[in-house]
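Trainee: protein00.csv is the file, holding CSV, C-alpha atoms and all ligand atoms:
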```csv
chain,number,residue,atom,x,y,z
A,1,MET,CA,-21.2,-38.4,-10.4
A,2,THR,CA,-22.2,-35.4,-12.4
A,3,GLN,CA,-21.0,-35.5,-16.0
A,4,GLN,CA,-18.8,-32.8,-17.4
A,5,PRO,CA,-20.1,-31.4,-20.7
A,6,ALA,CA,-18.0,-32.4,-23.6
A,7,LYS,CA,-15.4,-29.8,-24.6
A,8,THR,CA,-16.5,-29.2,-28.1
A,9,GLU,CA,-16.2,-25.4,-28.1
A,10,ARG,CA,-12.9,-23.8,-28.9
A,11,PHE,CA,-11.7,-20.7,-27.0
A,12,PRO,CA,-11.7,-17.7,-29.4
A,13,SER,CA,-8.4,-17.2,-31.1
A,14,LYS,CA,-8.6,-13.4,-30.8
A,15,PRO,CA,-6.0,-12.1,-28.4
A,16,LEU,CA,-7.1,-10.8,-25.0
A,17,ASN,CA,-5.9,-7.4,-23.8
A,18,ARG,CA,-2.1,-7.3,-24.4
A,19,VAL,CA,-1.3,-5.0,-21.5
A,20,VAL,CA,-3.1,-7.1,-19.0
A,21,ALA,CA,-2.0,-10.4,-20.4
A,22,SER,CA,1.6,-9.4,-20.3
A,23,CYS,CA,1.4,-8.3,-16.7
A,24,PRO,CA,2.8,-10.9,-14.3
A,25,PRO,CA,0.7,-11.9,-11.2
A,26,SER,CA,1.4,-10.2,-7.9
A,27,GLY,CA,4.6,-11.5,-6.4
A,28,ILE,CA,3.0,-11.2,-2.9
A,29,ARG,CA,0.2,-13.6,-3.8
A,30,ARG,CA,2.4,-16.3,-5.3
A,31,PHE,CA,4.0,-17.2,-2.0
A,32,PHE,CA,0.9,-16.5,-0.1
A,33,ASP,CA,-1.0,-19.3,-1.9
A,34,ILE,CA,1.9,-21.8,-1.3
A,35,ALA,CA,2.1,-20.8,2.4
A,36,GLN,CA,-1.7,-21.2,2.9
A,37,GLN,CA,-1.5,-24.8,2.0
A,38,MET,CA,1.3,-25.6,4.5
A,39,GLU,CA,0.8,-26.1,8.2
A,40,GLY,CA,2.7,-24.3,10.9
A,41,VAL,CA,3.8,-21.4,8.7
A,42,ILE,CA,4.6,-18.0,10.3
A,43,ALA,CA,3.1,-15.6,7.7
A,44,LEU,CA,5.0,-12.3,7.4
A,45,GLY,CA,4.0,-12.1,3.8
A,46,VAL,CA,0.7,-10.2,3.5
A,47,GLY,CA,0.5,-6.5,4.5
A,48,GLU,CA,-2.5,-6.8,6.7
A,49,PRO,CA,-3.1,-5.8,10.4
A,50,ASP,CA,-3.4,-8.8,12.7
A,51,PHE,CA,-5.9,-6.8,14.8
A,52,VAL,CA,-9.6,-7.1,14.2
A,53,THR,CA,-11.5,-4.0,13.4
A,54,PRO,CA,-12.3,-2.1,16.7
A,55,GLU,CA,-15.6,-3.3,18.2
A,56,CYS,CA,-17.5,0.0,18.0
A,57,VAL,CA,-16.7,0.1,14.3
A,58,ARG,CA,-17.9,-3.5,13.7
A,59,GLU,CA,-21.1,-2.7,15.7
A,60,ALA,CA,-21.8,0.4,13.5
A,61,GLY,CA,-21.6,-1.8,10.4
A,62,ILE,CA,-23.9,-4.4,12.0
A,63,ARG,CA,-26.3,-1.6,13.1
A,64,SER,CA,-26.6,-0.3,9.6
A,65,LEU,CA,-27.6,-3.8,8.4
A,66,GLN,CA,-30.0,-4.3,11.2
A,67,GLN,CA,-31.7,-1.0,10.4
A,68,GLY,CA,-32.1,-2.2,6.9
A,69,ILE,CA,-29.9,0.4,5.3
A,70,THR,CA,-28.8,-1.9,2.5
A,71,GLY,CA,-29.2,0.2,-0.6
A,72,TYR,CA,-26.7,2.2,-2.6
A,73,THR,CA,-25.4,5.5,-1.2
A,74,SER,CA,-24.8,8.5,-3.5
A,75,ASN,CA,-22.0,7.8,-6.0
A,76,SER,CA,-19.7,10.1,-4.1
A,77,GLY,CA,-20.4,8.4,-0.8
A,78,LEU,CA,-22.3,9.2,2.4
A,79,PRO,CA,-22.3,13.0,2.8
A,80,GLN,CA,-21.7,12.7,6.6
A,81,LEU,CA,-18.7,10.4,5.9
A,82,ARG,CA,-17.2,12.9,3.4
A,83,GLU,CA,-17.7,15.7,5.9
A,84,ALA,CA,-16.1,13.8,8.7
A,85,ILE,CA,-13.1,12.9,6.4
A,86,CYS,CA,-12.6,16.6,5.4
A,87,ARG,CA,-12.8,17.7,9.1
A,88,ASP,CA,-10.3,15.0,10.1
A,89,LEU,CA,-7.9,16.0,7.3
A,90,LYS,CA,-8.1,19.6,8.3
A,91,THR,CA,-7.5,18.9,12.0
A,92,ARG,CA,-4.7,16.4,11.6
A,93,LEU,CA,-2.9,17.3,8.3
A,94,ASN,CA,-4.0,20.9,7.7
A,95,LEU,CA,-5.7,19.9,4.4
A,96,ASP,CA,-8.6,22.0,3.1
A,97,TYR,CA,-11.2,20.2,1.0
A,98,HIS,CA,-14.9,20.7,0.2
A,99,ALA,CA,-16.8,17.6,1.2
A,100,ASP,CA,-19.3,18.0,-1.6
A,101,SER,CA,-17.0,18.6,-4.6
A,102,GLU,CA,-13.4,17.6,-3.6
A,103,CYS,CA,-13.9,14.2,-1.8
A,104,LEU,CA,-14.9,10.8,-3.2
A,105,ILE,CA,-15.4,7.6,-1.2
A,106,THR,CA,-13.8,4.7,-3.0
A,107,VAL,CA,-13.5,1.0,-2.7
A,108,GLY,CA,-10.2,1.1,-0.8
A,109,VAL,CA,-7.2,3.1,-1.9
A,110,SER,CA,-6.9,0.5,-4.6
A,111,GLU,CA,-9.9,1.9,-6.5
A,112,GLY,CA,-8.7,5.5,-5.8
A,113,LEU,CA,-5.4,4.7,-7.4
A,114,ASP,CA,-7.0,3.2,-10.4
A,115,LEU,CA,-9.4,6.1,-10.9
A,116,ALA,CA,-6.6,8.7,-10.4
A,117,LEU,CA,-4.4,7.1,-13.0
A,118,ARG,CA,-7.3,6.7,-15.5
A,119,VAL,CA,-8.3,10.3,-15.1
A,120,LEU,CA,-4.8,11.8,-15.2
A,121,LEU,CA,-3.3,9.8,-18.0
A,122,ASN,CA,-3.5,9.9,-21.7
A,123,PRO,CA,-1.9,7.1,-23.7
A,124,GLY,CA,1.8,7.2,-23.5
A,125,ASP,CA,2.0,9.6,-20.6
A,126,GLU,CA,4.8,8.9,-18.1
A,127,VAL,CA,4.5,8.6,-14.4
A,128,ILE,CA,7.7,8.7,-12.3
A,129,VAL,CA,7.6,6.2,-9.5
A,130,PRO,CA,10.2,5.9,-6.7
A,131,VAL,CA,11.1,2.2,-6.4
A,132,PRO,CA,10.9,-0.2,-4.7
A,133,CYS,CA,7.2,0.5,-4.6
A,134,TYR,CA,3.8,-1.0,-3.7
A,135,VAL,CA,2.9,-3.8,-6.1
A,136,ALA,CA,-0.1,-2.1,-7.7
A,137,TYR,CA,1.6,1.1,-8.9
A,138,LEU,CA,3.5,-0.1,-12.0
A,139,PRO,CA,0.7,-2.4,-13.4
A,140,GLY,CA,-1.9,0.3,-12.5
A,141,ILE,CA,0.0,2.9,-14.7
A,142,GLU,CA,0.3,0.4,-17.6
A,143,PHE,CA,-3.4,-0.6,-17.3
A,144,ALA,CA,-4.3,3.1,-17.6
A,145,GLY,CA,-2.4,3.4,-20.8
A,146,GLY,CA,0.6,5.1,-19.2
A,147,LYS,CA,4.3,4.3,-19.0
A,148,ALA,CA,5.9,3.8,-15.6
A,149,VAL,CA,9.3,5.4,-15.1
A,150,PRO,CA,10.9,3.8,-12.0
A,151,VAL,CA,13.5,5.9,-10.1
A,152,ALA,CA,15.6,4.1,-7.5
A,153,ALA,CA,15.7,4.9,-3.8
A,154,ASP,CA,18.5,3.2,-1.9
A,155,ALA,CA,18.8,1.6,1.5
A,156,GLU,CA,22.0,3.5,2.2
A,157,ASP,CA,20.1,6.7,2.9
A,158,GLY,CA,16.9,5.1,4.3
A,159,PHE,CA,15.1,4.9,0.9
A,160,ARG,CA,14.8,8.7,0.8
A,161,ILE,CA,13.3,10.0,-2.4
A,162,HIS,CA,16.0,12.1,-4.1
A,163,ALA,CA,14.5,15.1,-5.8
A,164,ASP,CA,17.5,15.4,-8.2
A,165,ARG,CA,17.0,11.9,-9.4
A,166,ILE,CA,13.3,12.4,-9.9
A,167,GLU,CA,13.9,15.7,-11.8
A,168,ALA,CA,16.5,14.0,-14.0
A,169,ALA,CA,13.8,11.5,-15.1
A,170,VAL,CA,11.3,14.2,-16.2
A,171,THR,CA,10.7,14.2,-20.0
A,172,PRO,CA,8.2,16.1,-22.2
A,173,ARG,CA,5.9,13.1,-21.7
A,174,THR,CA,6.0,13.1,-17.9
A,175,LYS,CA,2.5,13.7,-16.4
A,176,ALA,CA,2.8,12.8,-12.7
A,177,ILE,CA,4.9,11.7,-9.8
A,178,MET,CA,3.8,9.0,-7.4
A,179,ILE,CA,4.6,9.6,-3.8
A,180,ALA,CA,4.0,7.2,-0.9
A,181,SER,CA,5.0,8.1,2.6
A,182,PRO,CA,5.3,6.1,4.7
A,183,ALA,CA,5.9,3.6,1.9
A,184,ASN,CA,5.3,0.0,1.2
A,185,PRO,CA,7.6,-2.1,1.1
A,186,THR,CA,10.3,0.0,2.8
A,187,GLY,CA,8.4,1.8,5.6
A,188,ALA,CA,10.4,4.9,4.6
A,189,ALA,CA,8.8,8.2,5.6
A,190,GLN,CA,9.8,11.3,3.7
A,191,SER,CA,10.7,14.5,5.4
A,192,ARG,CA,8.8,17.8,4.9
A,193,GLU,CA,11.8,19.2,3.0
A,194,ASP,CA,11.9,16.2,0.6
A,195,VAL,CA,8.1,16.4,0.0
A,196,GLN,CA,8.4,20.1,-0.7
A,197,ALA,CA,11.3,19.4,-3.2
A,198,LEU,CA,8.9,17.1,-5.1
A,199,VAL,CA,6.2,19.7,-5.1
A,200,ASP,CA,8.6,22.2,-6.4
A,201,ILE,CA,9.6,19.8,-9.3
A,202,ALA,CA,5.9,19.3,-10.0
A,203,VAL,CA,5.4,23.1,-10.2
A,204,ARG,CA,8.5,23.7,-12.3
A,205,HIS,CA,7.5,21.1,-14.9
A,206,ASP,CA,3.7,21.4,-14.5
A,207,LEU,CA,3.1,17.9,-13.3
A,208,PHE,CA,0.5,16.2,-11.1
A,209,LEU,CA,1.3,14.4,-7.8
A,210,ILE,CA,-0.4,11.2,-6.7
A,211,SER,CA,0.1,10.9,-3.0
A,212,ASP,CA,-0.7,7.5,-1.4
A,213,GLU,CA,-1.1,8.3,2.3
A,214,ILE,CA,-2.7,5.1,3.4
A,215,TYR,CA,0.0,4.6,6.2
A,216,GLU,CA,0.1,8.2,7.4
A,217,GLN,CA,-1.4,7.4,10.8
A,218,LEU,CA,1.1,4.6,11.2
A,219,LEU,CA,4.1,6.9,11.5
A,220,TYR,CA,6.4,6.3,14.5
A,221,SER,CA,8.1,9.7,14.9
A,222,GLY,CA,7.7,13.2,13.6
A,223,THR,CA,4.6,14.4,11.7
A,224,HIS,CA,3.2,13.4,8.3
A,225,THR,CA,3.4,16.0,5.5
A,226,SER,CA,1.0,15.7,2.6
A,227,PRO,CA,2.2,17.4,-0.6
A,228,ALA,CA,-1.2,19.0,-0.8
A,229,ALA,CA,-0.5,20.9,2.4
A,230,LEU,CA,2.6,22.6,1.0
A,231,PRO,CA,2.9,25.7,-1.1
A,232,GLY,CA,2.1,24.9,-4.7
A,233,GLY,CA,0.9,21.4,-3.8
A,234,ARG,CA,-2.9,21.5,-3.4
A,235,GLU,CA,-3.9,22.3,-7.0
A,236,ARG,CA,-1.8,19.5,-8.5
A,237,THR,CA,-2.2,16.7,-5.9
A,238,VAL,CA,-4.6,13.8,-5.6
A,239,VAL,CA,-4.5,12.5,-2.0
A,240,LEU,CA,-5.4,8.8,-1.6
A,241,ASN,CA,-6.2,7.5,1.8
A,242,GLY,CA,-8.4,4.9,3.5
A,243,PHE,CA,-9.3,2.9,6.5
A,244,SER,CA,-7.7,-0.5,5.7
A,245,LYS,CA,-4.5,-0.2,7.6
A,246,SER,CA,-4.9,2.4,10.4
A,247,TYR,CA,-8.3,1.1,11.5
A,248,ALA,CA,-7.6,-2.6,10.7
A,249,MET,CA,-10.4,-2.6,8.1
A,250,THR,CA,-8.9,-4.3,5.1
A,251,GLY,CA,-11.9,-6.4,4.3
A,252,TRP,CA,-14.4,-3.6,4.5
A,253,ARG,CA,-13.1,-1.9,1.4
A,254,VAL,CA,-13.4,1.8,2.1
A,255,GLY,CA,-11.0,4.5,1.0
A,256,TYR,CA,-11.2,8.0,-0.2
A,257,CYS,CA,-9.5,10.5,-2.5
A,258,CYS,CA,-9.4,14.3,-2.2
A,259,GLY,CA,-8.2,16.7,-4.8
A,260,PRO,CA,-9.0,19.6,-7.0
A,261,GLU,CA,-12.7,19.6,-8.2
A,262,GLU,CA,-11.7,19.1,-11.8
A,263,ILE,CA,-10.0,15.8,-11.0
A,264,VAL,CA,-12.4,14.5,-8.4
A,265,THR,CA,-15.4,15.2,-10.8
A,266,LEU,CA,-13.8,13.0,-13.4
A,267,MET,CA,-12.8,10.3,-10.9
A,268,THR,CA,-16.4,10.3,-9.7
A,269,ARG,CA,-17.6,9.9,-13.3
A,270,VAL,CA,-15.5,6.7,-13.8
A,271,HIS,CA,-16.6,5.5,-10.3
A,272,GLN,CA,-20.3,6.1,-11.0
A,273,TYR,CA,-20.1,3.9,-14.1
A,274,THR,CA,-17.8,1.2,-12.8
A,275,MET,CA,-18.5,0.9,-9.0
A,276,LEU,CA,-21.6,3.0,-8.2
A,277,CYS,CA,-20.6,3.3,-4.6
A,278,ALA,CA,-18.4,1.8,-1.9
A,279,PRO,CA,-20.2,-0.8,0.3
A,280,THR,CA,-22.9,1.0,2.3
A,281,MET,CA,-22.5,-0.8,5.7
A,282,ALA,CA,-18.7,-0.2,5.4
A,283,GLN,CA,-19.2,3.5,4.9
A,284,TYR,CA,-21.3,3.6,8.2
A,285,ALA,CA,-18.5,1.7,9.9
A,286,ALA,CA,-15.9,4.1,8.5
A,287,LEU,CA,-17.9,7.0,9.9
A,288,GLU,CA,-17.9,5.4,13.3
A,289,ALA,CA,-14.1,4.8,13.0
A,290,LEU,CA,-13.5,8.5,12.5
A,291,ASN,CA,-15.9,9.5,15.2
A,292,SER,CA,-14.9,7.0,17.9
A,293,ALA,CA,-11.8,4.8,17.2
A,294,GLY,CA,-9.0,7.3,17.8
A,295,GLU,CA,-7.8,5.5,21.0
A,296,GLU,CA,-7.8,2.1,19.3
A,297,VAL,CA,-5.7,3.5,16.4
A,298,GLU,CA,-3.2,5.0,18.9
A,299,ALA,CA,-3.0,1.7,20.7
A,300,MET,CA,-2.4,-0.3,17.5
A,301,ARG,CA,0.3,2.2,16.4
A,302,ALA,CA,2.1,1.9,19.7
A,303,ASP,CA,2.0,-1.9,19.4
A,304,TYR,CA,3.4,-1.9,15.9
A,305,LYS,CA,6.2,0.5,17.0
A,306,HIS,CA,7.2,-1.9,19.8
A,307,ARG,CA,7.2,-4.8,17.3
A,308,ARG,CA,9.2,-2.8,14.8
A,309,ASP,CA,11.9,-2.0,17.3
A,310,LEU,CA,12.3,-5.6,18.4
A,311,PHE,CA,12.0,-7.1,15.0
A,312,VAL,CA,14.3,-4.8,13.1
A,313,ALA,CA,16.9,-5.1,15.9
A,314,GLY,CA,16.6,-8.9,15.6
A,315,LEU,CA,17.1,-8.7,11.8
A,316,ASN,CA,20.2,-6.6,12.2
A,317,ARG,CA,21.6,-9.0,14.8
A,318,LEU,CA,21.3,-11.8,12.1
A,319,ASN,CA,23.2,-9.6,9.8
A,320,LEU,CA,20.1,-9.0,7.6
A,321,ARG,CA,20.9,-5.3,7.4
A,322,CYS,CA,17.7,-3.3,7.8
A,323,VAL,CA,17.0,0.4,7.9
A,324,LEU,CA,14.7,1.4,10.7
A,325,PRO,CA,11.4,2.0,9.0
A,326,GLY,CA,9.8,5.3,9.8
A,327,GLY,CA,6.2,4.0,9.5
A,328,ALA,CA,3.8,1.3,8.1
A,329,PHE,CA,4.4,-2.2,9.3
A,330,TYR,CA,7.1,-3.5,7.0
A,331,ALA,CA,10.8,-4.3,7.4
A,332,PHE,CA,12.8,-4.5,4.1
A,333,PRO,CA,16.2,-6.1,5.1
A,334,SER,CA,19.0,-6.9,2.7
A,335,ILE,CA,19.7,-10.6,2.3
A,336,HIS,CA,23.0,-10.0,0.7
A,337,VAL,CA,24.7,-12.0,3.4
A,338,SER,CA,22.9,-15.2,2.4
A,339,GLY,CA,24.4,-15.3,-1.1
A,340,LEU,CA,20.9,-16.2,-2.5
A,341,SER,CA,18.7,-14.3,-4.8
A,342,SER,CA,15.5,-12.8,-3.3
A,343,GLU,CA,13.3,-15.5,-4.9
A,344,GLU,CA,15.6,-18.4,-3.8
A,345,PHE,CA,15.8,-17.0,-0.2
A,346,VAL,CA,12.0,-16.7,0.1
A,347,GLU,CA,11.3,-20.1,-1.4
A,348,ARG,CA,13.9,-21.9,0.7
A,349,LEU,CA,13.0,-20.0,3.9
A,350,LEU,CA,9.4,-21.1,3.4
A,351,MET,CA,10.1,-24.7,2.5
A,352,GLU,CA,12.9,-25.3,5.1
A,353,GLU,CA,11.7,-23.1,8.0
A,354,LYS,CA,8.1,-22.3,7.3
A,355,VAL,CA,8.5,-18.5,7.4
A,356,ALA,CA,6.6,-16.7,4.6
A,357,VAL,CA,8.1,-13.4,3.4
A,358,VAL,CA,8.0,-11.6,0.1
A,359,PRO,CA,10.9,-11.3,-2.4
A,360,GLY,CA,12.0,-7.7,-2.9
A,361,THR,CA,11.7,-8.3,-6.6
A,362,ALA,CA,7.9,-8.2,-6.2
A,363,PHE,CA,8.2,-4.4,-5.6
A,364,GLY,CA,9.8,-3.4,-8.9
A,365,PRO,CA,13.3,-2.7,-10.1
A,366,GLY,CA,15.8,-2.3,-7.2
A,367,GLY,CA,14.1,-5.0,-5.0
A,368,GLU,CA,16.6,-7.7,-5.8
A,369,GLY,CA,18.7,-8.6,-2.7
A,370,TYR,CA,15.9,-7.7,-0.3
A,371,ILE,CA,12.9,-9.3,1.3
A,372,ARG,CA,9.8,-7.7,2.8
A,373,CYS,CA,8.6,-8.9,6.2
A,374,SER,CA,5.4,-7.6,7.6
A,375,TYR,CA,5.6,-7.2,11.4
A,376,ALA,CA,1.8,-6.9,11.8
A,377,THR,CA,2.1,-10.2,13.7
A,378,ALA,CA,2.1,-10.9,17.4
A,379,LEU,CA,5.5,-10.5,19.1
A,380,PRO,CA,6.0,-14.2,20.1
A,381,ARG,CA,5.5,-15.2,16.5
A,382,LEU,CA,8.0,-12.5,15.3
A,383,GLU,CA,10.5,-13.9,17.8
A,384,GLU,CA,9.9,-17.4,16.6
A,385,ALA,CA,10.3,-16.2,13.0
A,386,LEU,CA,13.7,-14.6,13.9
A,387,ALA,CA,14.8,-17.9,15.5
A,388,ARG,CA,13.8,-19.8,12.4
A,389,MET,CA,15.6,-17.3,10.2
A,390,GLU,CA,18.7,-17.6,12.3
A,391,ARG,CA,18.6,-21.4,11.9
A,392,PHE,CA,18.2,-21.0,8.2
A,393,LEU,CA,21.2,-18.7,7.9
A,394,ASP,CA,23.3,-20.9,10.1
A,395,ARG,CA,22.6,-23.8,7.8
A,396,LEU,CA,23.4,-21.8,4.8
A,397,GLN,CA,26.7,-20.7,6.3
A,398,ASN,CA,27.6,-24.2,7.3
A,399,SER,CA,26.8,-25.4,3.8
A,400,GLY,CA,29.1,-22.8,2.4
A,401,SER,CA,26.7,-20.8,0.2
A,402,HIS,CA,26.9,-17.8,2.5
A,403,ALA,CA,28.3,-14.6,0.9
A,404,ALA,CA,30.1,-13.3,4.0
B,1,LIG,N1,-1.5,1.5,-1.1
B,1,LIG,C1,-0.5,0.9,-0.4
B,1,LIG,C2,0.8,1.6,-0.2
B,1,LIG,C3,-0.7,-0.3,0.2
B,1,LIG,O1,0.2,-0.9,0.9
B,1,LIG,C4,-2.0,-0.9,0.0
B,1,LIG,C5,-2.3,-2.3,0.6
B,1,LIG,O2,-1.4,-3.0,0.9
B,1,LIG,C6,-3.0,-0.3,-0.7
B,1,LIG,C7,-2.7,1.0,-1.2
B,1,LIG,C8,-4.4,-0.8,-0.9
B,1,LIG,O3,-5.2,-0.5,0.2
B,1,LIG,P1,-6.8,-0.7,0.2
B,1,LIG,O4,-7.0,-1.8,1.1
B,1,LIG,O5,-7.3,0.6,0.8
B,1,LIG,O6,-7.2,-0.9,-1.2
```
Could you spell out this file's structure in structure tokens?
Ligand code: PLP

Mentor:
Amino acid sequence: MTQQPAKTERFPSKPLNRVVASCPPSGIRRFFDIAQQMEGVIALGVGEPDFVTPECVREAGIRSLQQGITGYTSNSGLPQLREAICRDLKTRLNLDYHADSECLITVGVSEGLDLALRVLLNPGDEVIVPVPCYVAYLPGIEFAGGKAVPVAADAEDGFRIHADRIEAAVTPRTKAIMIASPANPTGAAQSREDVQALVDIAVRHDLFLISDEIYEQLLYSGTHTSPAALPGGRERTVVLNGFSKSYAMTGWRVGYCCGPEEIVTLMTRVHQYTMLCAPTMAQYAALEALNSAGEEVEAMRADYKHRRDLFVAGLNRLNLRCVLPGGAFYAFPSIHVSGLSSEEFVERLLMEEKVAVVPGTAFGPGGEGYIRCSYATALPRLEEALARMERFLDRLQNSGSHAA
């Protein structure tokens, strides 16, 4: 047996960073870790495609390794990847960016979000965030020295972002508005009119917009509108996008941001000191994804849509009222009928029926009374999850703790 060194040294008494230390761990990961240690769990917790990365994309990554291309790329990322991204954005979303000065390849949208917040915010600046929202937004704003100002979106009108509520939250300290469409955790997709209304607010109050468009290719009807494509939007919007979700490439860690040169230059400056570049083989894979994986993306999208229709109908049948999500691969049903809090519901559903979902409270204020279920899971497993939820709700009803 190896001997442990004696613990003679004391941990320094100086406090660690207060903002980070006071931030709770992600509410998604908490239940993920418990679920991972149990057998027979149906995991609807983590927001990750169940498809593997398309074969041609995997091969491009392997090829770059076999060719010995294993060094850094330029800080901004492979020029041919940035050019392909700008061409793609122009063709599909009518966005105009210069590949050399207005596009930066990041380590996922996660890094792009962090860079955008660090570059846009000065200490105490406020960012308005429609909630419920993706778990990283509120901590990311605080980490960057800003103050998050949550504004509620409601299930009653499909989690639409109300421009009047956003405008009412504007103060002299407001610096930016976060937009995510389609959104995590609700799947809500905003209409062109609602996005234009947010751009108009930004113009009126001289604000920036941070637009997380990671799910824009997973939209099930209509067309995606980026605020940067609308009158007044381009000069004040940072567009964040990436390959994780639409191309089933979460583990490759490639994303990108596009925006005005002034902002992208400073984002690149932070990136060049903190990250150097996104993984090289993953950038080659992403280039192949843009060039060749269009059909695979379309096939995955059609599959998610089919699952969404069946799963959301199933939830509503169980009286777990759920808005039909416009995009992404999340359902965000109300669990009011159970009479339980979100945390209780999630913990008991996992322990009693081995279905892992995420409490709505993980997604900021306004999430109580909801759960997030990811339907990026094969149909038979979604059907089995619904059967287990039904059994769970029946038991609750019979034991009298049911609210209705
Ligand atoms: N933005 C949203 C809305 C997400 O749902 C996620 C991941 O779940 C991310 C960003 C992070 O994506 P990436 O893998 O590109 O870092």

Trainee: Please find the residues contacting ligand LIG 1 (chain B) at a distance of at most 10 Å between atoms, with only C-alpha atoms and all ligand atoms counted, and report them as a PyMOL selection string.

Mentor: chain A and resi 46-48+106-113+133-137+179-185+187+211-215+240-245+248-256+328-330

Trainee: Could you save those same residues with C-alpha atoms as a PDB file, in the coordinates of the input?

Mentor:
```pdb
ATOM      1  CA  VAL A  46       0.700 -10.200   3.500  1.00  0.00           C
ATOM      2  CA  GLY A  47       0.500  -6.500   4.500  1.00  0.00           C
ATOM      3  CA  GLU A  48      -2.500  -6.800   6.700  1.00  0.00           C
ATOM      4  CA  THR A 106     -13.800   4.700  -3.000  1.00  0.00           C
ATOM      5  CA  VAL A 107     -13.500   1.000  -2.700  1.00  0.00           C
ATOM      6  CA  GLY A 108     -10.200   1.100  -0.800  1.00  0.00           C
ATOM      7  CA  VAL A 109      -7.200   3.100  -1.900  1.00  0.00           C
ATOM      8  CA  SER A 110      -6.900   0.500  -4.600  1.00  0.00           C
ATOM      9  CA  GLU A 111      -9.900   1.900  -6.500  1.00  0.00           C
ATOM     10  CA  GLY A 112      -8.700   5.500  -5.800  1.00  0.00           C
ATOM     11  CA  LEU A 113      -5.400   4.700  -7.400  1.00  0.00           C
ATOM     12  CA  CYS A 133       7.200   0.500  -4.600  1.00  0.00           C
ATOM     13  CA  TYR A 134       3.800  -1.000  -3.700  1.00  0.00           C
ATOM     14  CA  VAL A 135       2.900  -3.800  -6.100  1.00  0.00           C
ATOM     15  CA  ALA A 136      -0.100  -2.100  -7.700  1.00  0.00           C
ATOM     16  CA  TYR A 137       1.600   1.100  -8.900  1.00  0.00           C
ATOM     17  CA  ILE A 179       4.600   9.600  -3.800  1.00  0.00           C
ATOM     18  CA  ALA A 180       4.000   7.200  -0.900  1.00  0.00           C
ATOM     19  CA  SER A 181       5.000   8.100   2.600  1.00  0.00           C
ATOM     20  CA  PRO A 182       5.300   6.100   4.700  1.00  0.00           C
ATOM     21  CA  ALA A 183       5.900   3.600   1.900  1.00  0.00           C
ATOM     22  CA  ASN A 184       5.300   0.000   1.200  1.00  0.00           C
ATOM     23  CA  PRO A 185       7.600  -2.100   1.100  1.00  0.00           C
ATOM     24  CA  GLY A 187       8.400   1.800   5.600  1.00  0.00           C
ATOM     25  CA  SER A 211       0.100  10.900  -3.000  1.00  0.00           C
ATOM     26  CA  ASP A 212      -0.700   7.500  -1.400  1.00  0.00           C
ATOM     27  CA  GLU A 213      -1.100   8.300   2.300  1.00  0.00           C
ATOM     28  CA  ILE A 214      -2.700   5.100   3.400  1.00  0.00           C
ATOM     29  CA  TYR A 215       0.000   4.600   6.200  1.00  0.00           C
ATOM     30  CA  LEU A 240      -5.400   8.800  -1.600  1.00  0.00           C
ATOM     31  CA  ASN A 241      -6.200   7.500   1.800  1.00  0.00           C
ATOM     32  CA  GLY A 242      -8.400   4.900   3.500  1.00  0.00           C
ATOM     33  CA  PHE A 243      -9.300   2.900   6.500  1.00  0.00           C
ATOM     34  CA  SER A 244      -7.700  -0.500   5.700  1.00  0.00           C
ATOM     35  CA  LYS A 245      -4.500  -0.200   7.600  1.00  0.00           C
ATOM     36  CA  ALA A 248      -7.600  -2.600  10.700  1.00  0.00           C
ATOM     37  CA  MET A 249     -10.400  -2.600   8.100  1.00  0.00           C
ATOM     38  CA  THR A 250      -8.900  -4.300   5.100  1.00  0.00           C
ATOM     39  CA  GLY A 251     -11.900  -6.400   4.300  1.00  0.00           C
ATOM     40  CA  TRP A 252     -14.400  -3.600   4.500  1.00  0.00           C
ATOM     41  CA  ARG A 253     -13.100  -1.900   1.400  1.00  0.00           C
ATOM     42  CA  VAL A 254     -13.400   1.800   2.100  1.00  0.00           C
ATOM     43  CA  GLY A 255     -11.000   4.500   1.000  1.00  0.00           C
ATOM     44  CA  TYR A 256     -11.200   8.000  -0.200  1.00  0.00           C
ATOM     45  CA  ALA A 328       3.800   1.300   8.100  1.00  0.00           C
ATOM     46  CA  PHE A 329       4.400  -2.200   9.300  1.00  0.00           C
ATOM     47  CA  TYR A 330       7.100  -3.500   7.000  1.00  0.00           C
TER      48      TYR A 330
END
```

Trainee: Counting only C-alpha atoms, which residue out of A:Val119, A:Ala282, A:Tyr247, A:Ala168 sits closest to A:Ala144?

Mentor: A:Val119

Trainee: Report as a ChimeraX atom specification all protein, DNA and RNA residues lying within 9 Å of A:Leu117, evaluated on all atoms listed in the file, omitting residues in the same chain fewer than 2 positions from it.

Mentor: /A:112-115,119-121,140-141,143-146,210

Trainee: A:Asn75: which residues within 9 Å, counting only C-alpha atoms, same-chain residues fewer than 3 positions away excluded, as a list in words?

Mentor: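 With the cut-off at 9 Å, the set is Tyr72, Leu78, Leu104, Ile105, Thr268, Arg269, His271, Gln272, Met275, Leu276, Cys277 and Ala278 of chain A.
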
Trainee: Which of these residues is nearest to A:Glu262, using only C-alpha atoms: A:Thr237, A:Thr223, A:Ser374, A:Ser246?

Mentor: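 Looking at the shortest contact to A:Glu262, the residue is A:Thr237.
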
Trainee: Quick one, how far is atom CA of A:Leu95 from atom CA of A:Met300?

Mentor: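 Computing it gives 24.3 Å between the two atoms.
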
Trainee: Determine the nearest neighbour of A:Phe345 from the options A:Phe31, A:His162, A:Cys23, A:Thr91, counting all atoms listed in the file.

Mentor: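 Residue with the minimum atom-to-atom distance to A:Phe345: A:Phe31.
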